[in-house]
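Undergrad: Input structure: final11.cif, which contains mmCIF, C-alpha atoms and all ligand atoms.
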data_final
loop_
_atom_site.label_atom_id
_atom_site.label_comp_id
_atom_site.auth_asym_id
_atom_site.auth_seq_id
_atom_site.Cartn_x
_atom_site.Cartn_y
_atom_site.Cartn_z
CA MET A 27 0.00 0.00 0.00
CA ILE A 28 0.85 3.61 0.03
CA GLN A 29 4.05 4.63 1.63
CA GLY A 30 4.34 8.20 0.43
CA ASN A 31 7.91 8.76 -0.57
CA TYR A 32 8.15 12.42 0.27
CA GLU A 33 11.56 13.00 -1.36
CA GLN A 34 10.32 11.65 -4.67
CA ILE A 35 7.18 13.74 -4.55
CA LEU A 36 9.28 16.84 -3.91
CA LYS A 37 11.35 15.96 -6.94
CA MET A 38 8.27 15.43 -9.11
CA ILE A 39 6.77 18.77 -8.11
CA SER A 40 10.10 20.50 -8.62
CA GLU A 41 10.50 19.04 -12.11
CA GLY A 42 6.93 19.78 -13.03
CA SER A 43 7.13 23.42 -11.92
CA ASN A 44 10.76 24.26 -12.71
CA LEU A 45 11.16 25.54 -9.16
CA PRO A 46 14.01 24.36 -6.95
CA VAL A 47 13.29 21.61 -4.44
CA GLU A 48 14.06 24.00 -1.56
CA GLU A 49 11.36 26.38 -2.77
CA ILE A 50 8.82 23.54 -2.95
CA GLU A 51 9.74 22.48 0.56
CA ARG A 52 9.36 26.07 1.80
CA ARG A 53 5.87 26.27 0.30
CA ILE A 54 4.90 22.94 1.82
CA GLU A 55 6.06 24.02 5.26
CA ALA A 56 4.23 27.32 4.91
CA ARG A 57 1.08 25.48 3.97
CA ARG A 58 1.41 23.17 6.95
CA ALA A 59 2.03 26.08 9.31
CA LYS A 60 -1.12 27.76 8.04
CA LEU A 61 -3.06 24.60 8.85
CA SER A 62 -1.42 24.37 12.28
CA GLY A 63 0.34 21.14 11.35
CA LEU A 64 -2.98 19.34 11.01
CA ILE A 65 -1.99 18.07 7.61
CA SER A 66 0.81 15.66 6.75
CA LYS A 67 3.79 16.76 4.67
CA GLU A 68 2.51 14.55 1.86
CA GLY A 69 -0.95 16.09 2.08
CA ALA A 70 0.50 19.60 1.99
CA ALA A 71 2.62 18.57 -1.01
CA GLN A 72 -0.59 17.63 -2.83
CA ILE A 73 -2.05 21.07 -2.21
CA VAL A 74 1.13 22.82 -3.33
CA ALA A 75 1.21 20.68 -6.46
CA SER A 76 -2.31 21.64 -7.38
CA GLU A 77 -1.65 25.33 -6.60
CA LEU A 78 1.25 25.20 -9.02
CA GLY A 79 -1.04 23.63 -11.60
CA ILE A 80 0.89 20.39 -11.65
CA SER A 81 -1.13 17.35 -12.35
CA PHE A 82 0.29 13.90 -12.35
CA ASP A 83 -1.85 13.18 -15.41
CA LYS A 84 0.77 12.46 -18.00
CA GLN A 85 3.33 11.04 -15.64
CA LYS A 86 3.74 7.35 -15.07
CA LEU A 87 3.90 6.89 -11.33
CA LYS A 88 5.40 4.15 -9.23
CA ILE A 89 3.09 2.58 -6.69
CA SER A 90 5.17 3.72 -3.72
CA ASN A 91 4.60 7.33 -4.81
CA LEU A 92 0.83 7.14 -4.76
CA LEU A 93 -0.79 9.30 -2.14
CA SER A 94 -4.24 9.71 -0.80
CA GLY A 95 -6.25 12.22 -2.83
CA MET A 96 -4.25 11.86 -6.05
CA ARG A 97 -6.45 11.89 -9.11
CA ARG A 98 -6.11 10.77 -12.69
CA ILE A 99 -2.96 8.83 -12.10
CA ASN A 100 -1.30 6.35 -14.45
CA ILE A 101 0.56 3.22 -13.43
CA THR A 102 1.71 -0.05 -14.93
CA GLY A 103 1.87 -3.17 -12.80
CA LYS A 104 1.45 -6.90 -12.56
CA ILE A 105 -1.75 -8.42 -11.19
CA LEU A 106 -0.86 -10.51 -8.15
CA ARG A 107 -4.34 -11.61 -7.16
CA VAL A 108 -7.87 -11.16 -8.47
CA ASN A 109 -10.60 -11.09 -5.82
CA LYS A 110 -14.07 -12.50 -6.19
CA ILE A 111 -16.49 -10.09 -7.88
CA VAL A 112 -18.97 -8.72 -5.35
CA GLU A 113 -22.57 -7.87 -6.23
CA TYR A 114 -24.25 -5.18 -4.21
CA ASN A 115 -27.77 -3.95 -3.81
CA LYS A 116 -28.04 -0.88 -1.68
CA ASN A 117 -30.74 1.80 -1.52
CA GLY A 118 -32.29 0.63 -4.74
CA ARG A 119 -29.00 0.68 -6.62
CA SER A 120 -27.35 -2.51 -7.64
CA GLY A 121 -24.17 -3.39 -9.43
CA LYS A 122 -20.88 -5.21 -9.26
CA ILE A 123 -17.51 -4.35 -7.82
CA ALA A 124 -14.33 -6.12 -8.84
CA SER A 125 -10.94 -5.73 -7.23
CA PHE A 126 -7.41 -6.99 -7.56
CA LEU A 127 -3.96 -6.48 -6.12
CA ILE A 128 -1.43 -4.89 -8.46
CA ALA A 129 2.31 -4.58 -7.91
CA ASP A 130 5.35 -2.98 -9.44
CA GLU A 131 8.92 -3.07 -8.20
CA THR A 132 8.19 -0.42 -5.55
CA GLY A 133 5.01 -1.62 -3.90
CA ASN A 134 1.49 -2.91 -4.33
CA ILE A 135 -2.02 -1.57 -4.02
CA ARG A 136 -5.60 -2.79 -4.24
CA VAL A 137 -7.40 -1.66 -7.39
CA VAL A 138 -11.20 -1.34 -7.31
CA LEU A 139 -13.26 -1.46 -10.51
CA TRP A 140 -16.72 0.10 -10.74
CA ASP A 141 -17.31 0.18 -14.47
CA VAL A 142 -19.15 -2.77 -16.02
CA ASN A 143 -16.92 -2.69 -19.09
CA HIS A 144 -13.79 -2.98 -16.96
CA ILE A 145 -15.34 -5.71 -14.84
CA ARG A 146 -16.31 -7.66 -17.95
CA LEU A 147 -12.63 -7.90 -18.97
CA PHE A 148 -12.11 -9.98 -15.84
CA GLU A 149 -15.34 -11.94 -16.16
CA VAL A 150 -14.43 -13.17 -19.65
CA GLY A 151 -10.81 -13.76 -18.67
CA GLU A 152 -9.37 -11.18 -21.04
CA ILE A 153 -7.41 -9.86 -18.06
CA LYS A 154 -6.39 -12.27 -15.32
CA GLU A 155 -3.98 -12.97 -12.50
CA GLY A 156 -0.36 -12.74 -13.64
CA ASP A 157 -1.06 -10.25 -16.45
CA THR A 158 0.69 -6.92 -16.65
CA VAL A 159 -1.70 -4.03 -17.15
CA GLU A 160 -1.57 -0.34 -17.81
CA ILE A 161 -4.01 1.82 -15.86
CA ALA A 162 -4.89 5.39 -16.78
CA ASN A 163 -6.93 8.00 -14.92
CA GLY A 164 -7.34 6.17 -11.63
CA ASP A 165 -8.10 7.98 -8.37
CA ILE A 166 -6.67 7.18 -4.95
CA ARG A 167 -9.30 6.81 -2.26
CA ASN A 168 -8.81 5.27 1.20
CA GLY A 169 -5.48 3.85 0.17
CA GLU A 170 -6.94 2.10 -2.87
CA LEU A 171 -6.80 2.88 -6.57
CA HIS A 172 -10.36 3.33 -7.87
CA LEU A 173 -11.26 3.13 -11.54
CA SER A 174 -14.43 4.90 -12.59
CA SER A 175 -15.77 4.80 -16.14
CA PHE A 176 -13.37 7.67 -16.98
CA ALA A 177 -10.45 5.39 -16.22
CA ASP A 178 -8.87 2.92 -18.57
CA ILE A 179 -7.28 -0.48 -18.07
CA LYS A 180 -5.56 -2.56 -20.71
CA LEU A 181 -2.97 -5.28 -21.12
CA SER A 182 0.62 -4.08 -21.30
CA GLN A 183 3.69 -5.63 -22.90
CA ALA A 184 5.92 -4.08 -20.22
CA VAL A 185 8.08 -6.53 -18.32
CA ILE A 186 8.29 -5.84 -14.62
CA THR A 187 10.89 -7.78 -12.76
CA ASN A 188 11.08 -8.08 -8.98
CA VAL A 189 7.50 -7.11 -8.25
CA GLN A 190 6.95 -6.18 -4.64
CA THR A 191 4.66 -8.92 -3.37
CA LYS A 192 4.98 -8.07 0.28
CA GLN A 193 2.48 -5.46 1.40
CA ALA A 194 4.14 -2.49 3.02
CA VAL A 195 3.44 -2.75 6.69
CA GLN A 196 3.09 0.36 8.81
CA HIS A 197 3.74 0.47 12.52
CA LYS A 198 0.68 2.22 13.87
CA SER A 199 -1.07 2.65 17.17
CA LEU A 200 -4.63 1.32 17.17
CA ASP A 201 -6.19 4.78 17.46
CA LYS A 202 -4.61 5.70 14.09
CA VAL A 203 -5.49 2.69 11.97
CA GLN A 204 -7.64 3.18 8.91
CA MET A 205 -9.48 0.94 6.53
CA ASN A 206 -7.16 -1.03 4.19
CA ASP A 207 -4.04 -0.33 6.23
CA SER A 208 -1.50 -3.09 6.52
CA ILE A 209 -0.31 -2.68 10.04
CA SER A 210 2.01 -4.12 12.57
CA THR A 211 1.09 -3.55 16.18
CA ARG A 212 2.14 -4.60 19.62
CA ALA A 213 -0.75 -5.02 22.04
CA PHE A 214 -2.18 -6.96 24.94
CA ILE A 215 -4.86 -9.59 24.46
CA VAL A 216 -7.72 -8.48 26.71
CA GLN A 217 -10.45 -10.87 25.58
CA ILE A 218 -10.84 -13.95 23.37
CA PHE A 219 -13.95 -15.21 21.57
CA GLY A 220 -14.18 -18.63 19.96
CA PRO A 221 -12.82 -20.71 18.49
CA THR A 222 -15.65 -21.30 16.07
CA PHE A 223 -15.31 -23.86 13.32
CA TYR A 224 -16.40 -24.01 9.70
CA LEU A 225 -15.91 -26.42 6.82
CA VAL A 226 -13.77 -25.63 3.78
CA CYS A 227 -12.78 -27.32 0.55
CA PRO A 228 -9.39 -29.06 0.95
CA GLU A 229 -8.41 -27.87 -2.57
CA CYS A 230 -9.14 -24.15 -2.48
CA ASN A 231 -9.83 -23.42 1.20
CA LYS A 232 -13.15 -21.78 0.39
CA LYS A 233 -16.26 -22.41 2.44
CA VAL A 234 -18.31 -25.41 1.32
CA SER A 235 -22.09 -25.66 1.36
CA GLU A 236 -23.96 -27.62 4.05
CA THR A 237 -23.89 -30.67 1.82
CA GLY A 238 -20.10 -30.48 1.49
CA THR A 239 -20.04 -29.05 -2.02
CA CYS A 240 -17.43 -26.56 -3.23
CA GLU A 241 -18.47 -24.09 -5.91
CA ALA A 242 -15.33 -24.87 -7.90
CA HIS A 243 -14.51 -28.45 -6.94
CA GLY A 244 -17.91 -30.08 -6.44
CA LYS A 245 -18.43 -32.73 -3.78
CA VAL A 246 -15.40 -32.84 -1.50
CA ILE A 247 -14.43 -34.19 1.91
CA PRO A 248 -14.31 -30.90 3.75
CA LYS A 249 -11.57 -29.76 6.09
CA LYS A 250 -12.33 -28.12 9.42
CA ASN A 251 -11.00 -24.58 9.85
CA ALA A 252 -11.15 -22.43 12.94
CA ILE A 253 -11.64 -18.73 13.63
CA LEU A 254 -10.51 -17.08 16.83
CA THR A 255 -11.30 -13.46 17.64
CA LEU A 256 -9.05 -11.52 19.95
CA ILE A 257 -9.75 -8.16 21.48
CA ILE A 258 -6.41 -6.41 21.61
CA ASP A 259 -5.50 -3.20 23.37
CA ASP A 260 -2.32 -1.18 22.89
CA GLY A 261 -3.18 1.58 25.34
CA THR A 262 -4.54 3.93 22.68
CA ASN A 263 -7.56 1.89 21.66
CA ASN A 264 -8.90 -1.63 21.48
CA MET A 265 -9.85 -3.56 18.41
CA ARG A 266 -10.96 -6.97 17.22
CA ALA A 267 -8.30 -9.12 15.58
CA VAL A 268 -9.48 -12.14 13.61
CA LEU A 269 -7.25 -15.20 13.34
CA PHE A 270 -7.76 -18.13 10.98
CA SER A 271 -6.33 -21.63 11.37
CA GLU A 272 -2.81 -20.94 10.08
CA GLN A 273 -2.31 -18.08 12.54
CA ILE A 274 -4.10 -19.75 15.45
CA LYS A 275 -1.52 -22.56 15.22
CA LYS A 276 1.20 -20.06 16.09
CA ILE A 277 -0.21 -19.31 19.53
CA VAL A 278 -2.26 -22.44 20.28
CA ASN A 279 -1.05 -26.05 20.06
CA SER A 280 -3.23 -28.32 17.95
CA ASP A 281 -4.09 -30.46 20.98
CA GLU A 282 -5.34 -27.40 22.86
CA LEU A 283 -7.75 -26.34 20.17
CA PRO A 284 -10.38 -29.05 19.64
CA SER A 285 -11.86 -29.40 23.12
CA SER A 286 -13.28 -26.51 25.03
CA ASP A 287 -11.68 -27.63 28.31
CA SER A 288 -8.19 -27.73 26.89
CA PHE A 289 -8.73 -24.41 25.19
CA MET A 290 -10.10 -22.77 28.33
CA GLU A 291 -6.78 -23.29 30.02
CA LYS A 292 -4.85 -21.86 27.11
CA ARG A 293 -7.33 -19.03 26.79
CA ASN A 294 -6.71 -17.94 30.37
CA LEU A 295 -2.99 -17.99 29.73
CA LEU A 296 -3.30 -15.91 26.57
CA ILE A 297 -5.51 -13.21 28.08
CA GLY A 298 -3.19 -10.58 29.45
CA SER A 299 -0.26 -11.66 27.30
CA GLU A 300 1.37 -9.35 24.82
CA VAL A 301 1.56 -10.09 21.10
CA ILE A 302 3.02 -8.57 17.98
CA LEU A 303 0.64 -8.96 15.11
CA GLU A 304 0.50 -7.98 11.48
CA GLY A 305 -2.60 -7.80 9.39
CA ASN A 306 -4.92 -5.94 7.10
CA VAL A 307 -7.57 -3.60 8.41
CA ARG A 308 -11.07 -4.29 7.11
CA LYS A 309 -14.56 -3.23 8.07
CA ASN A 310 -16.74 -5.84 9.71
CA LYS A 311 -19.82 -6.15 7.49
CA LEU A 312 -22.24 -6.54 10.38
CA SER A 313 -20.88 -4.21 13.05
CA GLU A 314 -19.29 -1.71 10.62
CA ASN A 315 -16.32 -1.57 13.00
CA LEU A 316 -12.76 -1.85 11.79
CA GLU A 317 -11.01 -5.09 12.57
CA ILE A 318 -7.67 -6.66 11.78
CA PHE A 319 -7.40 -9.77 9.64
CA VAL A 320 -4.23 -11.21 11.06
CA ASN A 321 -1.47 -12.44 8.71
CA SER A 322 1.12 -13.03 11.34
CA VAL A 323 1.10 -13.26 15.10
CA GLU A 324 3.68 -13.99 17.72
CA GLU A 325 3.79 -13.81 21.46
CA ILE A 326 6.33 -11.32 22.64
CA ASN A 327 9.51 -12.87 23.68
CA LEU A 328 12.11 -10.76 25.34
CA ASP A 329 14.95 -11.70 22.99
CA ARG A 330 13.08 -10.24 20.08
CA VAL A 331 12.20 -7.05 21.91
CA ILE A 332 15.86 -6.51 22.79
CA GLU A 333 16.80 -7.18 19.17
CA GLU A 334 14.31 -4.49 18.06
CA LEU A 335 15.63 -2.01 20.62
CA GLU A 336 19.18 -2.56 19.46
CA LYS A 337 18.36 -1.69 15.85
ZN ZN B 401 -12.68 -25.98 -3.84
#
Represent the structure contained in this file as C-alpha cells.
TA:
Amino acid sequence: MIQGNYEQILKMISEGSNLPVEEIERRIEARRAKLSGLISKEGAAQIVASELGISFDKQKLKISNLLSGMRRINITGKILRVNKIVEYNKNGRSGKIASFLIADETGNIRVVLWDVNHIRLFEVGEIKEGDTVEIANGDIRNGELHLSSFADIKLSQAVITNVQTKQAVQHKSLDKVQMNDSISTRAFIVQIFGPTFYLVCPECNKKVSETGTCEAHGKVIPKKNAILTLIIDDGTNNMRAVLFSEQIKKIVNSDELPSSDSFMEKRNLLIGSEVILEGNVRKNKLSENLEIFVNSVEEINLDRVIEELEK
C-alpha cells in the first residue's frame, strides 16, 4: 500500500514546476504552518502541487509514490491476485464491484473497478492474474486505486521484474489505523472469543455448502478450519483481531484447540499476554467496525524485543 515517498514527490513537483526543491519544501512548510500542522507533509505537497497547476496526469507513477487524494494517475503493474467479484444492492442501486492487487517493483495496491466494461474484462478472462496491465486516470481513495468509467485499463507488454509482493506494513497505534491499512502492532490480548469452526474445501480453502459441495470443486471431503477473535489493546484503543487456522496454530497447540476444556486453560494464559501482530484492516460487514485480519502473530519474547531495541 501507500508509503508516500516524500523525497520523490518533492522531486516530481520541482521538475513539473521548474522551481528548486528548496522552494517547494518552503511552500509545503508554509502550507502546513497555516493549517497548524494538522496536515501531513505529503498532504501539503498535494495542495502545493495543485496550486502550481501540476497534475500527475501524464506522468507514469510508481506505486510507492501514490498518495491519498491523487487523481487521474497512471501506473503499470502486474496483477498478483484477483478477488471474487462482489454484487451489491443498496438503496435501490445494484451493481458489481471487482478488485485486484497490483504490484510494481516499488510496492502494491488494491485496485477497485466500478465500471461494467472494466469488470467484464475480468469476467471473460481477457485480463487475469499474472497479467501486466496499464491503468490510466485512476483515483486514490482510502489507500486504494479506484477506476471509474473515466479510467482505462488494458494489457501491457511491459516486463516488470522483482514485483513487490509483500504489502508495506506500517507500525501504527490502534487509534490511528484506517481501513485497508496493513499494520504491525504490539498489544495486549484483553479478551478472546471462539474458536468457532467451519468447513472448507481441501483444494481451495473456500467455504463449502452444508452438503459439502465446493463451488469450484464439487463434492469434497471438507476440512475443518477455525476462527478465533481476539480483542487487543495497545493503550490507545482496542480492536478486534481475527485469526484463521494458520495463525491460530502459532499461539495455540493443535491439541489445545479441539476441546473446550483444553482451550479454556490456554485461553486464560493468553488473556493478558502481549503479542506482535501484522494484518490488514477491514470493516466488519455486520458491526461496521474496523477489525484486523491477522497475517502473522507472535507472542512477545524478550529476545526479540531486545533485538528491536538494538536496531
Ligand atoms: Zn474448492
Undergrad: Choose the residue, out of A:Asn315, A:Ser125, A:Thr255, A:Thr102, that has the smallest atom-to-atom separation from Ser182 (chain A); count all atoms listed in the file.
TA: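 Checking each candidate against Ser182 (chain A), we get A:Thr102 as the closest.
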Undergrad: Calculate how many Å separate CA of Ser43 (chain A) from CA of Lys86 (chain A), rounding to one decimal.
TA: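 The value is 16.7 Å.
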Undergrad: Using only C-alpha atoms and all ligand atoms, what does the table of chain A residues within 7 Å of ligand ZN 401 (chain B) look like, with each row giving the shortest atom pair and its distance in Å to one decimal, sorted by chain and ascending number, as CSV?
TA:
residue,atom,partner,partner_atom,distance
A:Cys227,CA,B:ZN401,ZN,4.6
A:Pro228,CA,B:ZN401,ZN,6.6
A:Glu229,CA,B:ZN401,ZN,4.8
A:Cys230,CA,B:ZN401,ZN,4.2
A:Asn231,CA,B:ZN401,ZN,6.3
A:Lys232,CA,B:ZN401,ZN,6.0
A:Cys240,CA,B:ZN401,ZN,4.8
A:Glu241,CA,B:ZN401,ZN,6.4
A:Ala242,CA,B:ZN401,ZN,5.0
A:His243,CA,B:ZN401,ZN,4.4
Undergrad: Around (10.6, -5.7, -6.1) in the file's frame, which residues reach within 12 Å when counting only C-alpha atoms? Return as a PDB file with C-alpha atoms, in the coordinates of the input?
TA:
ATOM      1  CA  LYS A  88       5.400   4.150  -9.230  1.00  0.00           C
ATOM      2  CA  ILE A  89       3.090   2.580  -6.690  1.00  0.00           C
ATOM      3  CA  SER A  90       5.170   3.720  -3.720  1.00  0.00           C
ATOM      4  CA  GLY A 103       1.870  -3.170 -12.800  1.00  0.00           C
ATOM      5  CA  LYS A 104       1.450  -6.900 -12.560  1.00  0.00           C
ATOM      6  CA  ALA A 129       2.310  -4.580  -7.910  1.00  0.00           C
ATOM      7  CA  ASP A 130       5.350  -2.980  -9.440  1.00  0.00           C
ATOM      8  CA  GLU A 131       8.920  -3.070  -8.200  1.00  0.00           C
ATOM      9  CA  THR A 132       8.190  -0.420  -5.550  1.00  0.00           C
ATOM     10  CA  GLY A 133       5.010  -1.620  -3.900  1.00  0.00           C
ATOM     11  CA  ASN A 134       1.490  -2.910  -4.330  1.00  0.00           C
ATOM     12  CA  ILE A 186       8.290  -5.840 -14.620  1.00  0.00           C
ATOM     13  CA  THR A 187      10.890  -7.780 -12.760  1.00  0.00           C
ATOM     14  CA  ASN A 188      11.080  -8.080  -8.980  1.00  0.00           C
ATOM     15  CA  VAL A 189       7.500  -7.110  -8.250  1.00  0.00           C
ATOM     16  CA  GLN A 190       6.950  -6.180  -4.640  1.00  0.00           C
ATOM     17  CA  THR A 191       4.660  -8.920  -3.370  1.00  0.00           C
ATOM     18  CA  LYS A 192       4.980  -8.070   0.280  1.00  0.00           C
ATOM     19  CA  GLN A 193       2.480  -5.460   1.400  1.00  0.00           C
ATOM     20  CA  ALA A 194       4.140  -2.490   3.020  1.00  0.00           C
TER      21      ALA A 194
END
Undergrad: Within 12 Å of Asn310 (chain A), counting all atoms listed in the file, which residues qualify if same-chain residues fewer than 3 places away don't, as a PyMOL selection string?
TA: chain A and resi 205+265-268+307+313-319
Undergrad: Excluding Ser299 (chain A) and its own-chain neighbours fewer than 5 positions away, which residues fall within 10 Å of it when counting all atoms listed in the file? Please give them as a PDB file with C-alpha atoms, keeping the file's coordinate frame.
TA:
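Saved as around-v4.pdb:
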ATOM      1  CA  ALA A 213      -0.750  -5.020  22.040  1.00  0.00           C
ATOM      2  CA  PHE A 214      -2.180  -6.960  24.940  1.00  0.00           C
ATOM      3  CA  ILE A 215      -4.860  -9.590  24.460  1.00  0.00           C
ATOM      4  CA  VAL A 216      -7.720  -8.480  26.710  1.00  0.00           C
ATOM      5  CA  ILE A 258      -6.410  -6.410  21.610  1.00  0.00           C
ATOM      6  CA  ASN A 294      -6.710 -17.940  30.370  1.00  0.00           C
ATOM      7  CA  GLU A 325       3.790 -13.810  21.460  1.00  0.00           C
ATOM      8  CA  ILE A 326       6.330 -11.320  22.640  1.00  0.00           C
TER       9      ILE A 326
END
Undergrad: Restricting the calculation to all atoms listed in the file, which member of A:Arg308, A:Lys116, A:Lys154, A:Gly164 is positioned closest to Leu139 (chain A)?
TA: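 Answer, going by the shortest atom-to-atom distance: A:Gly164.
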Undergrad: So that I can check the surroundings of Glu272 (chain A), please list as a ChimeraX atom specification every protein, DNA and RNA residue that reaches within 12 Å of it, counting all atoms listed in the file and ignoring chain neighbours fewer than 3 positions away.
TA: /A:231,250-254,268-269,275-280,320-323
Undergrad: Write a file of the selected residues as a compact mmCIF listing (two decimals), keeping the file's coordinate frame, keeping C-alpha atoms.
TA:
# COMPACT_ATOMS: atom_id res chain seq x y z
CA ASN A 231 -9.83 -23.42 1.20
CA LYS A 250 -12.33 -28.12 9.42
CA ASN A 251 -11.00 -24.58 9.85
CA ALA A 252 -11.15 -22.43 12.94
CA ILE A 253 -11.64 -18.73 13.63
CA LEU A 254 -10.51 -17.08 16.83
CA VAL A 268 -9.48 -12.14 13.61
CA LEU A 269 -7.25 -15.20 13.34
CA LYS A 275 -1.52 -22.56 15.22
CA LYS A 276 1.20 -20.06 16.09
CA ILE A 277 -0.21 -19.31 19.53
CA VAL A 278 -2.26 -22.44 20.28
CA ASN A 279 -1.05 -26.05 20.06
CA SER A 280 -3.23 -28.32 17.95
CA VAL A 320 -4.23 -11.21 11.06
CA ASN A 321 -1.47 -12.44 8.71
CA SER A 322 1.12 -13.03 11.34
CA VAL A 323 1.10 -13.26 15.10
Undergrad: Measure the distance from CA of Ile80 (chain A) to CA of Ser62 (chain A) in Å and round it to one decimal.
TA: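 Atom-to-atom, CA of Ile80 (chain A) to CA of Ser62 (chain A), that is 24.4 Å.
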